[in-house]
Amino acid sequence: MKIGVVTFPGSNCDADARYGATVTGNEAVQLWHKDETLPIDVDVIILPGGFSYGDYLRTGAIARFSPIMNEVIRFANDGGLVLGICNGFQILCESGLLPGALIRNENLRFVCKDVHLRVENSATPFTCAVKLGTMLRVPVAHGEGRYTAPQETIDRIEANGQVVYRYASPTGETTADSNPNGSMNNIAGIMNERGNVMGLMPHPERACEPLLGSADGVSVFASLALHVAHSILI
Amino acid sequence: MTDTTSVSEIPVTTETARELGLTDAEFDLVCGKLGRIPTYTELGIYSVMWSEHCSYKNSILQLKTLPRSGGRMLVAAGEENAGVIDVGQGYGVAFKIESHNHPSAVEPFQGAATGVGGILRDIFTMGARPIAALNSLRFGEPDTERTRYLVKGIVHGIGHYGNCFGVPTVGGEIYFDRCYTDNPLVNAMAVGVLRADRMASAIALGKGNPVFIMGSSTGRDGIHGASLLASREFDSLTENMRPTVQVGDPFSEKLLLEASLELIDAGVVVGMQDMGAAGICCSTAEMSAKGNMGMRIDLDQVPLREAGMSAYEIMLSESQERMLVVVEKGMEAQAAEVCAKWDVPFVQIGEVTDDGHVHVSRYGKVVANIPAQSLVLGGDAPVYIREQKKPEYLELTTRPVDHGPTLHEKDCTEILKKLLASPTIASKRWVYEQYDSQVGDNTVIRTGGDAAVLRIKELPGTAVAVTTDCNSRFVYLNPYRGAMAAVAEAARNCVCVGAEPVAITNCLNFGNPYDPEVYYQFAEAIRGMGDMCRALNTPVTGGNVSFHNESQQHAVFPTPTIGMLGLIDDVTTVIGNSFTSANEHIILVGWQRSELGGSEYLKTIKGRITGEAPYIDADEEVRLQRAVLAAIRMGYVTAAHDCAEGGLLVTLVEMTIGKGLGATVNIPFDHHAGHVFGEAQSRIILSVPESSRVALLQILSTNDVPHTMLGTTGGTQLVIDGLLQQSVSDLRDIYENALPIIMAN
């Protein structure tokens with residue numbers, strides 16, 4: 001599987017995303033924010049974490065106007081797989097590929113720590129390698145990760161199974177304590193209705209080796225690889 | 001050159017020189033070097049270049065007594081922006097620590113943020129990609145609103161800069177003590193990895209090579225940050241100096257990092273230096289002097305934030321996120337292309353000359369023409385021997401303290417709980433969770449352990465350990481011993497994760513060097529540091545001196561912060577400081593001595609900072625570290641923790657808290673406070689499975705290191721015979737909740 005990782009000015013997890021892709025057995029290529037075309041053979045596009053354009057206006061608000069975003073949106077509309085991690089999730093929301101918004105953490109402080117995620121939908125290209133309800137330990141690192149949307153949007157994405165990950169206790173209860181940022185319904189990651197675009201605040205690319213504390217992030221890359229392999233067969 | 005005087009904006013006299021911080025004798029020296037009265041711009045240049053911050057005029061003679069060379073050092077101390085250690089296979093690790101105390105006191109958020117930005121530039125200007133940042137912080141007691149404001153602002157500033165730039169902040173330390181109330185300390189350390197054959201130097205070479213300014217435009221911020229703000233004590237006027245604090249932009253710095261590394265990789269760079277203290281002034285002078293060359297600089301080419309800035313302001317501006325780059329002639333276009341890719345401004349402002357002068361013009365007229373050598377350390381910058389006098393307070397404080405009361409379960413439990421809740425000992429989670437500690441995918445052990453550990457991706461299996469340490473109470477009570485202990489503790493922390501200590505960087509925070517009692521502290525601390533560094537074979541690769549940390553006639557505790565680098569050949573042998581398995585032996589390794597001097601116990605329980613600093617013997621320390629490192633590398637140990645603040649009991653609590661695994665312990669010494677809570681040096685507590693016990697004891701006896709069997713891991717309680725019986729989760733709640741409660745006030 002070939003994964004393209006976009007580098008925006010101020011992206012700082014782009015190298016980590018390429019590393020995560022590579023260490024899980026995939027090929028990774030850097031995509032440049034000024035590019036107006038995509039390589040024809042990428043299977044997945046990752047919008048990585050960081051502080052695109054310094055996030056001085058509103059997180060992701062400027063990055064979405066980068067030339068490459070037109071191509072990313074076209075790719076997504078054609079059914080291509082797009083994964084937004086942290087700042088990438090924020091950019092996906094700003095660009096309208098995902099519903100809702102990510103606002104400042106409830107306690108107004110940046111937070112970096114390991115969280116536990118409960119897999120809420122395992123019938124997605126991003127989670128198909130794990131069982132429903134699987135618990136993953138993955139780090140978060142963000143100041144603006146509080147997922148928010150109008151109640152009808154929340155109701156809709158819940159009903160559609162678009163909530164992919166929820167913050168939970170190690171034993172799987174969605175408690176307030178396990179929610180690091182005050183996200184509505186403990187939402188950590190969502191996908192679009194079609195199921196080919198996902199955004200999440202935690203960093204699976206930082207959890208791909210036991211040496212670094214957890215290898216649970218491998219599940220995302222493994223699921224994508226599984227999905228892509230089957231797509232080719234079809 | 002005589003036409004310079006004709007464009008001098010402001011007439012120059014001894015008075016003007018004094019206002020800029022030069023003494024009358026120094027002003028005479030300037031006139032002598034130039035053979036004339038300097039222009040106002042020239043005077044400004046001398047005043048910053050001869051400030052302590054840039055010239056080390058009051059410290060260099062002492063610093064030269066430190067061991068500054070050693071097998072693994074790739075550049076000599078002080079030669080480049082940061083020290084570099086050989087880690088094998090053509091790779092080096094650059095690391096350095098630097099203070100940003102005064103700016104952080106005046107404007108905590110920006111002061112701390114730009115401290116981080118400055119030290120990161122020191123690392124990547126050499127061609128190293130930063131892989132870690134650490135911060136050593138000192139505050140007053142957090143019972144005042146102002147101190148809490150400083151803590152919040154400084155922590156936020158550090159986090160903001162490092163998180164956005166994309167370097168993991170992995171460690172450091174925080175102490176609280178009344179003496180830092182007006183003058184907090186912010187010492188920022190950065191660590192980076194480079195390829196030795198691509199190391200960039202801060203040098204100007206090759207007549208006719210173009211000189212570029214790269215990065216942000218130049219504004220009026222930070223003028224005289226180094227010479228005035230950093231070179232005086234705090235008083236009622238300090239608040240007015242907020243404009244001398246720079247404003248940081250981590251986003252620009254991230255772009256500057258990528259562009260700098262790509263320029264160096266492209267092979268177009270002759271030399272490069274970041275603009276920190278004293279801006280264009282310092283970078284042009286130091287790069288010229290280092291290459292025995294000169295530079296012709298046209299200030300009209302410098303991109304400015306405001307029209308109408310004078311030559312003086314442009315030269316002295318400390319606007320952040322800028323580099324001075326000498327490019328190989330003919331490769332300008334290639335260099336410009338790299339900078340355009342990263343949207344980083346890149347403008348030629350001059351060229352290298354061979355006359356040894358820094359020649360500066362503004363509006364087409366010469367405003368400065370100074371021999372570069374006359375400005376720099378190692379050239380003609382003044383060097384002073386300062387008077388020393390043993391401080392009077394030492395007569396009072398070094399009176400011996402006794403062993404304290406014999407403790408029983410009730411009072412011991414109460415004391416322990418107070419210590420666990422004291423802000424210096426309590427968990428710093430509230431702070432470090434605000435720092436991204438993992439970006440870069442290298443962090444093996446992050447904040448909270450004895451030392452942080454980062455693997456080096458380029459060298460599979462290899463990792464580095466990094467830590468900062470200084471118990472300034474010990475230095476205050478005995479500058480010589482205290483500095484020895486600071487080096488020893490830093491090394492011990494590296495050993496506890498399984499790393500071999502290899503070198504240090506230091507950040508020397510002291511009061512006014514013109515006060516003989518302060519200078520005694522400084523000289524004695526340097527002597528102790530040197531002795532311990534020689535014993536441990538950990539040379540000093542560089543660092544920073546920060547004097548004038550005083551307010552209202554009171555100096556802060558002398559605080560020579562040590563940043564230590566350790567090496568790990570096999571990252572799979574790394575261990576942490578929490579008990580991991582039940583039914584293991586808990587073994588105290590080293591010399592148990594009953595000592596209460598300078599302890600957290602005396603401070604928190606008795607309200608006194610007194611006594612003699614703990615005994616330390618370099619030979620014992622070396623043997624202890626050698627034995628423990630060997631045992632960890634052989635895989636005999638599952639957890640190791642240095643015995644430090646709070647002594648034996650606090651160390652045991654910390655080892656149980658991590659994984660919630662309890663222990664049953666018997667302390668086979670008299671149960672007086674000196675044994676239980678004393679902070680004797682050269683002690684490490686290990687957790688060792690029965691299968692390794694004999695082999696471990698063999699290593700200890702070979703190295704002639706004593707040990708005491710303390711007990712066994714297991715259960716959910718920490719039970720200490722006759723002293724304590726508490727659930728680990730209760731102890732953890734006290735330890736974890738203390739700082740959040742304080743900061744919520």
# chains A, B, ... in the order shown; residues from 1 in each chain; ligands from 1
call {"tool": "interface_residues", "arguments": {"of": "chain A", "to": "chain B", "cutoff": "6 Å", "atoms": "only C-alpha atoms", "output": "PyMOL selection string"}}
result
chain A and resi 10+12+16+51+54+110-112+141+206+212
call {"tool": "select_by_dssp", "arguments": {"residues": "range 17-148 of chain A", "states": "strand (DSSP E or B)", "output": "PyMOL selection string"}}
result
chain A and resi 27-32+44-47+50+81-85+101-103+111-119+135-142+146-148
call {"tool": "write_last_selection", "arguments": {"atoms": "N, CA and C atoms", "output": "CSV table (one decimal), in the first residue's frame"}}
result
chain,number,residue,atom,x,y,z
A,27,GLU,N,4.5,1.7,1.8
A,27,GLU,CA,5.4,2.7,1.2
A,27,GLU,C,4.8,4.1,1.5
A,28,ALA,N,5.7,5.1,1.8
A,28,ALA,CA,5.2,6.4,2.1
A,28,ALA,C,5.8,7.4,1.2
A,29,VAL,N,5.1,8.4,0.7
A,29,VAL,CA,5.6,9.5,-0.1
A,29,VAL,C,5.2,10.8,0.5
A,30,GLN,N,6.0,11.8,0.4
A,30,GLN,CA,5.7,13.2,0.9
A,30,GLN,C,4.9,13.9,-0.3
A,31,LEU,N,3.8,14.5,0.1
A,31,LEU,CA,3.0,15.3,-0.8
A,31,LEU,C,3.2,16.8,-0.3
A,32,TRP,N,3.4,17.7,-1.3
A,32,TRP,CA,3.8,19.1,-0.9
A,32,TRP,C,2.5,19.9,-1.0
A,44,VAL,N,-3.8,5.9,-0.1
A,44,VAL,CA,-4.3,6.6,1.1
A,44,VAL,C,-3.6,7.9,1.2
A,45,ILE,N,-4.4,8.9,1.6
A,45,ILE,CA,-3.7,10.2,1.8
A,45,ILE,C,-3.9,10.5,3.3
A,46,ILE,N,-2.8,10.9,4.0
A,46,ILE,CA,-2.8,11.3,5.4
A,46,ILE,C,-2.6,12.8,5.4
A,47,LEU,N,-3.5,13.5,6.2
A,47,LEU,CA,-3.2,14.9,6.6
A,47,LEU,C,-2.7,14.8,8.0
A,50,GLY,N,0.2,18.7,13.6
A,50,GLY,CA,1.1,19.8,13.6
A,50,GLY,C,0.4,21.1,13.8
A,81,LEU,N,-9.3,7.0,0.0
A,81,LEU,CA,-9.2,7.0,1.5
A,81,LEU,C,-8.3,8.1,2.0
A,82,VAL,N,-8.9,8.9,2.9
A,82,VAL,CA,-8.2,10.0,3.5
A,82,VAL,C,-8.3,9.9,5.0
A,83,LEU,N,-7.1,10.1,5.6
A,83,LEU,CA,-7.1,10.0,7.1
A,83,LEU,C,-6.5,11.3,7.6
A,84,GLY,N,-7.2,11.9,8.5
A,84,GLY,CA,-6.7,13.2,9.1
A,84,GLY,C,-6.4,12.9,10.6
A,85,ILE,N,-5.1,13.2,11.0
A,85,ILE,CA,-4.7,13.0,12.4
A,85,ILE,C,-4.5,14.3,13.0
A,101,ALA,N,-16.7,20.4,14.4
A,101,ALA,CA,-15.5,21.3,14.6
A,101,ALA,C,-14.8,20.8,15.9
A,102,LEU,N,-13.5,21.2,15.9
A,102,LEU,CA,-12.7,20.9,17.1
A,102,LEU,C,-12.3,22.3,17.7
A,103,ILE,N,-12.7,22.4,19.0
A,103,ILE,CA,-12.5,23.7,19.6
A,103,ILE,C,-11.6,23.5,20.8
A,111,VAL,N,-2.9,19.2,26.0
A,111,VAL,CA,-2.8,17.9,26.8
A,111,VAL,C,-2.0,16.9,25.9
A,112,CYS,N,-1.0,16.3,26.5
A,112,CYS,CA,-0.3,15.2,25.9
A,112,CYS,C,-0.2,14.0,26.9
A,113,LYS,N,-0.9,12.9,26.6
A,113,LYS,CA,-0.8,11.7,27.4
A,113,LYS,C,-1.4,10.6,26.6
A,114,ASP,N,-1.3,9.4,27.2
A,114,ASP,CA,-1.9,8.2,26.5
A,114,ASP,C,-3.4,8.2,26.9
A,115,VAL,N,-4.2,7.9,25.9
A,115,VAL,CA,-5.7,7.7,26.2
A,115,VAL,C,-6.1,6.3,25.7
A,116,HIS,N,-7.2,5.9,26.2
A,116,HIS,CA,-7.8,4.6,25.8
A,116,HIS,C,-8.9,4.9,24.8
A,117,LEU,N,-8.9,4.2,23.7
A,117,LEU,CA,-10.0,4.4,22.7
A,117,LEU,C,-10.8,3.1,22.6
A,118,ARG,N,-12.1,3.2,22.5
A,118,ARG,CA,-12.9,2.1,22.2
A,118,ARG,C,-13.3,2.1,20.7
A,119,VAL,N,-13.1,1.0,20.0
A,119,VAL,CA,-13.5,1.0,18.6
A,119,VAL,C,-15.0,0.8,18.5
A,135,MET,N,-10.2,-2.2,22.7
A,135,MET,CA,-9.6,-1.1,23.4
A,135,MET,C,-8.2,-0.8,22.8
A,136,LEU,N,-7.9,0.4,22.5
A,136,LEU,CA,-6.6,0.8,22.0
A,136,LEU,C,-5.9,1.8,22.9
A,137,ARG,N,-4.7,1.7,23.2
A,137,ARG,CA,-4.0,2.8,23.9
A,137,ARG,C,-3.1,3.6,23.0
A,138,VAL,N,-3.4,4.8,22.8
A,138,VAL,CA,-2.8,5.7,21.8
A,138,VAL,C,-2.6,7.1,22.4
A,139,PRO,N,-1.5,7.8,22.2
A,139,PRO,CA,-1.4,9.1,22.8
A,139,PRO,C,-2.2,10.2,22.1
A,140,VAL,N,-2.6,11.2,22.8
A,140,VAL,CA,-3.1,12.5,22.3
A,140,VAL,C,-2.1,13.6,22.6
A,141,ALA,N,-2.1,14.6,21.7
A,141,ALA,CA,-1.3,15.8,22.0
A,141,ALA,C,-1.9,17.0,21.2
A,142,HIS,N,-2.8,17.7,21.9
A,142,HIS,CA,-3.4,18.8,21.3
A,142,HIS,C,-4.0,19.9,22.2
A,146,ARG,N,-11.5,19.3,21.2
A,146,ARG,CA,-12.8,19.1,21.8
A,146,ARG,C,-13.8,19.0,20.6
A,147,TYR,N,-14.3,17.8,20.3
A,147,TYR,CA,-15.2,17.7,19.2
A,147,TYR,C,-16.6,18.2,19.6
A,148,THR,N,-17.0,19.0,18.7
A,148,THR,CA,-18.3,19.7,18.9
A,148,THR,C,-19.1,19.8,17.6
call {"tool": "residues_around", "arguments": {"residues": "range 638-644 of chain B", "least_positions_apart": "2", "cutoff": "7 Å", "atoms": "only C-alpha atoms", "output": "ChimeraX atom specification"}}
result
/B:450,492-493,496,575-580,636,646-648,651,679,683-688
call {"tool": "residues_around", "arguments": {"residues": "Leu602 in chain B", "least_positions_apart": "4", "cutoff": "10 Å", "atoms": "only C-alpha atoms", "output": "PDB file with N, CA, C and O atoms, in the first residue's frame"}}
result
ATOM      1  N   VAL B 401      23.521  19.889  62.010  1.00  0.00           N
ATOM      2  CA  VAL B 401      22.179  19.582  62.507  1.00  0.00           C
ATOM      3  C   VAL B 401      22.202  18.140  62.991  1.00  0.00           C
ATOM      4  O   VAL B 401      22.998  17.330  62.530  1.00  0.00           O
ATOM      5  N   GLY B 404      17.673  14.317  63.981  1.00  0.00           N
ATOM      6  CA  GLY B 404      16.226  14.444  64.037  1.00  0.00           C
ATOM      7  C   GLY B 404      15.624  13.405  64.945  1.00  0.00           C
ATOM      8  O   GLY B 404      16.327  12.534  65.468  1.00  0.00           O
ATOM      9  N   LEU B 596      20.620  15.319  57.516  1.00  0.00           N
ATOM     10  CA  LEU B 596      19.406  16.107  57.266  1.00  0.00           C
ATOM     11  C   LEU B 596      19.709  17.460  56.633  1.00  0.00           C
ATOM     12  O   LEU B 596      18.789  18.189  56.243  1.00  0.00           O
ATOM     13  N   GLY B 597      20.989  17.813  56.536  1.00  0.00           N
ATOM     14  CA  GLY B 597      21.350  19.146  56.025  1.00  0.00           C
ATOM     15  C   GLY B 597      20.753  19.412  54.653  1.00  0.00           C
ATOM     16  O   GLY B 597      20.857  18.591  53.756  1.00  0.00           O
ATOM     17  N   GLY B 598      20.082  20.558  54.516  1.00  0.00           N
ATOM     18  CA  GLY B 598      19.551  20.962  53.216  1.00  0.00           C
ATOM     19  C   GLY B 598      18.397  20.116  52.712  1.00  0.00           C
ATOM     20  O   GLY B 598      18.015  20.225  51.546  1.00  0.00           O
ATOM     21  N   LYS B 606      10.329  21.624  59.233  1.00  0.00           N
ATOM     22  CA  LYS B 606      10.896  22.509  60.256  1.00  0.00           C
ATOM     23  C   LYS B 606      11.023  23.957  59.780  1.00  0.00           C
ATOM     24  O   LYS B 606      11.417  24.828  60.552  1.00  0.00           O
ATOM     25  N   GLY B 607      10.782  24.180  58.486  1.00  0.00           N
ATOM     26  CA  GLY B 607      10.868  25.548  57.971  1.00  0.00           C
ATOM     27  C   GLY B 607      12.273  26.106  57.961  1.00  0.00           C
ATOM     28  O   GLY B 607      12.465  27.311  58.099  1.00  0.00           O
ATOM     29  N   ARG B 608      13.256  25.256  57.805  1.00  0.00           N
ATOM     30  CA  ARG B 608      14.642  25.731  57.846  1.00  0.00           C
ATOM     31  C   ARG B 608      15.436  25.205  56.664  1.00  0.00           C
ATOM     32  O   ARG B 608      15.300  24.050  56.271  1.00  0.00           O
ATOM     33  N   ILE B 609      16.272  26.084  56.121  1.00  0.00           N
ATOM     34  CA  ILE B 609      17.212  25.634  55.100  1.00  0.00           C
ATOM     35  C   ILE B 609      18.588  25.809  55.711  1.00  0.00           C
ATOM     36  O   ILE B 609      19.140  26.904  55.746  1.00  0.00           O
ATOM     37  N   THR B 610      19.084  24.729  56.245  1.00  0.00           N
ATOM     38  CA  THR B 610      20.297  24.847  57.037  1.00  0.00           C
ATOM     39  C   THR B 610      21.035  23.518  57.078  1.00  0.00           C
ATOM     40  O   THR B 610      20.589  22.531  56.499  1.00  0.00           O
ATOM     41  N   GLY B 611      22.155  23.530  57.753  1.00  0.00           N
ATOM     42  CA  GLY B 611      22.965  22.324  57.878  1.00  0.00           C
ATOM     43  C   GLY B 611      24.059  22.292  56.818  1.00  0.00           C
ATOM     44  O   GLY B 611      24.186  23.201  56.008  1.00  0.00           O
ATOM     45  N   GLY B 646      13.578  14.140  49.569  1.00  0.00           N
ATOM     46  CA  GLY B 646      12.644  13.367  50.388  1.00  0.00           C
ATOM     47  C   GLY B 646      13.232  12.070  50.893  1.00  0.00           C
ATOM     48  O   GLY B 646      12.623  11.394  51.722  1.00  0.00           O
ATOM     49  N   ALA B 673      14.910  10.585  61.742  1.00  0.00           N
ATOM     50  CA  ALA B 673      14.563  11.282  60.495  1.00  0.00           C
ATOM     51  C   ALA B 673      15.734  11.331  59.522  1.00  0.00           C
ATOM     52  O   ALA B 673      15.550  11.278  58.311  1.00  0.00           O
ATOM     53  N   GLY B 674      16.941  11.428  60.055  1.00  0.00           N
ATOM     54  CA  GLY B 674      18.121  11.503  59.199  1.00  0.00           C
ATOM     55  C   GLY B 674      18.260  10.304  58.269  1.00  0.00           C
ATOM     56  O   GLY B 674      18.702  10.435  57.137  1.00  0.00           O
ATOM     57  N   PHE B 677      14.349  10.272  56.081  1.00  0.00           N
ATOM     58  CA  PHE B 677      14.079  11.361  55.143  1.00  0.00           C
ATOM     59  C   PHE B 677      15.330  12.142  54.729  1.00  0.00           C
ATOM     60  O   PHE B 677      15.236  13.120  53.984  1.00  0.00           O
ATOM     61  N   GLY B 678      16.492  11.742  55.236  1.00  0.00           N
ATOM     62  CA  GLY B 678      17.727  12.426  54.880  1.00  0.00           C
ATOM     63  C   GLY B 678      18.070  12.216  53.413  1.00  0.00           C
ATOM     64  O   GLY B 678      17.607  11.257  52.791  1.00  0.00           O
TER      65      GLY B 678
END
call {"tool": "select_by_dssp", "arguments": {"residues": "range 398-440 of chain B", "states": "alpha helix (DSSP H)", "output": "ChimeraX atom specification"}}
result
/B:409-421,429-432
call {"tool": "write_last_selection", "arguments": {"atoms": "C-alpha atoms", "output": "short mmCIF file (atom, residue, chain, number, x, y, z; two decimals), in the first residue's frame"}}
result
data_model
loop_
_atom_site.label_atom_id
_atom_site.label_comp_id
_atom_site.auth_asym_id
_atom_site.auth_seq_id
_atom_site.Cartn_x
_atom_site.Cartn_y
_atom_site.Cartn_z
CA GLU B 409 4.24 5.11 62.31
CA LYS B 410 1.97 8.01 63.21
CA ASP B 411 4.46 10.87 62.85
CA CYS B 412 6.31 9.19 59.98
CA THR B 413 3.09 8.84 57.99
CA GLU B 414 2.16 12.45 58.64
CA ILE B 415 5.59 13.71 57.58
CA LEU B 416 5.63 11.55 54.48
CA LYS B 417 2.25 12.88 53.37
CA LYS B 418 3.41 16.45 53.84
CA LEU B 419 6.54 15.78 51.81
CA LEU B 420 4.61 14.09 49.01
CA ALA B 421 2.38 17.15 48.80
CA ARG B 429 2.15 15.91 35.75
CA TRP B 430 0.15 19.17 35.69
CA VAL B 431 3.16 20.71 33.96
CA TYR B 432 4.44 17.99 31.67
#
call {"tool": "residues_around", "arguments": {"residues": "Glu489 in chain B", "least_positions_apart": "2", "cutoff": "12 Å", "atoms": "only C-alpha atoms", "output": "VMD selection string"}}
result
chain B and resid 450 to 451 467 to 471 474 481 to 487 491 to 496 501 504 529 532 to 533 536 561 to 564 616 618 621 to 622 624 to 625 641 to 645 679 to 684
call {"tool": "atom_distance", "arguments": {"atom1": "CA of Ala503 in chain B", "atom2": "CA of Pro168 in chain B"}}
result
21.2 Å
call {"tool": "residues_around", "arguments": {"residues": "Ala188 in chain B", "least_positions_apart": "2", "cutoff": "10 Å", "atoms": "only C-alpha atoms", "output": "tab-separated table (two decimals) with N, CA, C and O atoms, in the first residue's frame"}}
result
chain	number	residue	atom	x	y	z
B	96	LYS	N	22.82	21.57	24.35
B	96	LYS	CA	23.21	22.77	25.08
B	96	LYS	C	22.05	23.25	25.94
B	96	LYS	O	20.89	23.04	25.61
B	97	ILE	N	22.41	23.92	27.03
B	97	ILE	CA	21.40	24.53	27.90
B	97	ILE	C	21.68	26.02	28.01
B	97	ILE	O	22.84	26.44	27.95
B	98	GLU	N	20.63	26.79	28.12
B	98	GLU	CA	20.80	28.25	28.17
B	98	GLU	C	19.69	28.85	29.04
B	98	GLU	O	18.59	28.34	29.08
B	99	SER	N	20.01	29.97	29.67
B	99	SER	CA	19.03	30.61	30.55
B	99	SER	C	18.20	31.64	29.79
B	99	SER	O	18.66	32.22	28.82
B	100	HIS	N	16.99	31.85	30.25
B	100	HIS	CA	16.19	33.00	29.82
B	100	HIS	C	15.44	33.53	31.03
B	100	HIS	O	14.23	33.73	31.00
B	101	ASN	N	16.20	33.78	32.10
B	101	ASN	CA	15.61	34.11	33.40
B	101	ASN	C	14.97	35.48	33.43
B	101	ASN	O	13.81	35.63	33.81
B	112	ALA	N	9.79	32.76	28.26
B	112	ALA	CA	10.08	31.32	28.24
B	112	ALA	C	10.04	30.78	26.82
B	112	ALA	O	10.88	29.97	26.42
B	113	ALA	N	9.06	31.25	26.04
B	113	ALA	CA	8.93	30.75	24.66
B	113	ALA	C	10.20	31.06	23.86
B	113	ALA	O	10.74	30.19	23.17
B	114	THR	N	10.69	32.27	23.97
B	114	THR	CA	11.86	32.63	23.17
B	114	THR	C	13.13	31.97	23.73
B	114	THR	O	14.09	31.78	23.00
B	115	GLY	N	13.10	31.62	25.01
B	115	GLY	CA	14.22	30.84	25.55
B	115	GLY	C	14.30	29.50	24.85
B	115	GLY	O	15.38	29.04	24.47
B	116	VAL	N	13.15	28.87	24.66
B	116	VAL	CA	13.11	27.59	23.95
B	116	VAL	C	13.54	27.80	22.50
B	116	VAL	O	14.36	27.05	21.95
B	117	GLY	N	13.01	28.85	21.87
B	117	GLY	CA	13.34	29.12	20.46
B	117	GLY	C	14.84	29.35	20.27
B	117	GLY	O	15.44	28.84	19.31
B	118	GLY	N	15.44	30.07	21.21
B	118	GLY	CA	16.86	30.38	21.09
B	118	GLY	C	17.73	29.14	21.18
B	118	GLY	O	18.66	28.95	20.39
B	119	ILE	N	17.42	28.27	22.11
B	119	ILE	CA	18.27	27.09	22.28
B	119	ILE	C	18.06	26.11	21.13
B	119	ILE	O	18.99	25.43	20.70
B	120	LEU	N	16.84	26.06	20.58
B	120	LEU	CA	16.62	25.20	19.41
B	120	LEU	C	17.45	25.68	18.22
B	120	LEU	O	18.04	24.87	17.50
B	133	ALA	N	13.69	18.48	23.95
B	133	ALA	CA	13.89	19.70	24.73
B	133	ALA	C	13.63	19.37	26.19
B	133	ALA	O	12.82	18.49	26.51
B	134	LEU	N	14.35	20.06	27.08
B	134	LEU	CA	14.14	19.91	28.52
B	134	LEU	C	14.12	21.30	29.14
B	134	LEU	O	14.65	22.25	28.54
B	135	ASN	N	13.55	21.40	30.33
B	135	ASN	CA	13.51	22.69	30.99
B	135	ASN	C	13.72	22.56	32.47
B	135	ASN	O	13.03	21.78	33.14
B	136	SER	N	14.67	23.31	32.98
B	136	SER	CA	14.93	23.33	34.40
B	136	SER	C	14.40	24.66	34.92
B	136	SER	O	14.86	25.72	34.51
B	137	LEU	N	13.40	24.58	35.82
B	137	LEU	CA	12.70	25.79	36.26
B	137	LEU	C	12.80	25.97	37.78
B	137	LEU	O	12.80	24.99	38.52
B	158	ILE	N	6.64	27.67	27.25
B	158	ILE	CA	7.50	26.54	26.85
B	158	ILE	C	6.71	25.58	25.98
B	158	ILE	O	7.15	25.16	24.91
B	172	GLY	N	13.12	17.57	32.58
B	172	GLY	CA	13.51	18.79	33.27
B	172	GLY	C	13.24	18.65	34.74
B	172	GLY	O	13.13	17.53	35.26
B	185	LEU	N	13.97	31.12	37.55
B	185	LEU	CA	14.98	30.66	36.59
B	185	LEU	C	14.30	29.81	35.52
B	185	LEU	O	13.49	28.94	35.83
B	186	VAL	N	14.64	30.10	34.29
B	186	VAL	CA	14.16	29.32	33.16
B	186	VAL	C	15.37	28.90	32.34
B	186	VAL	O	15.99	29.71	31.66
B	190	ALA	N	18.29	21.85	24.70
B	190	ALA	CA	17.85	21.17	23.49
B	190	ALA	C	18.91	20.17	23.06
B	190	ALA	O	20.10	20.33	23.35
B	468	THR	N	18.23	17.05	33.43
B	468	THR	CA	18.81	18.26	34.03
B	468	THR	C	18.69	18.11	35.54
B	468	THR	O	17.71	17.57	36.04
B	507	CYS	N	24.37	25.45	32.98
B	507	CYS	CA	23.73	26.76	32.96
B	507	CYS	C	23.94	27.33	34.35
B	507	CYS	O	23.36	26.85	35.32
B	563	GLY	N	23.05	19.86	32.60
B	563	GLY	CA	22.34	19.07	31.59
B	563	GLY	C	23.28	17.93	31.20
B	563	GLY	O	24.40	18.16	30.78
call {"tool": "residues_around", "arguments": {"residues": "Ala333 in chain B", "least_positions_apart": "2", "cutoff": "12 Å", "atoms": "only C-alpha atoms", "output": "ChimeraX atom specification"}}
result
/B:210,263,266,268,327-331,335-340,346-348
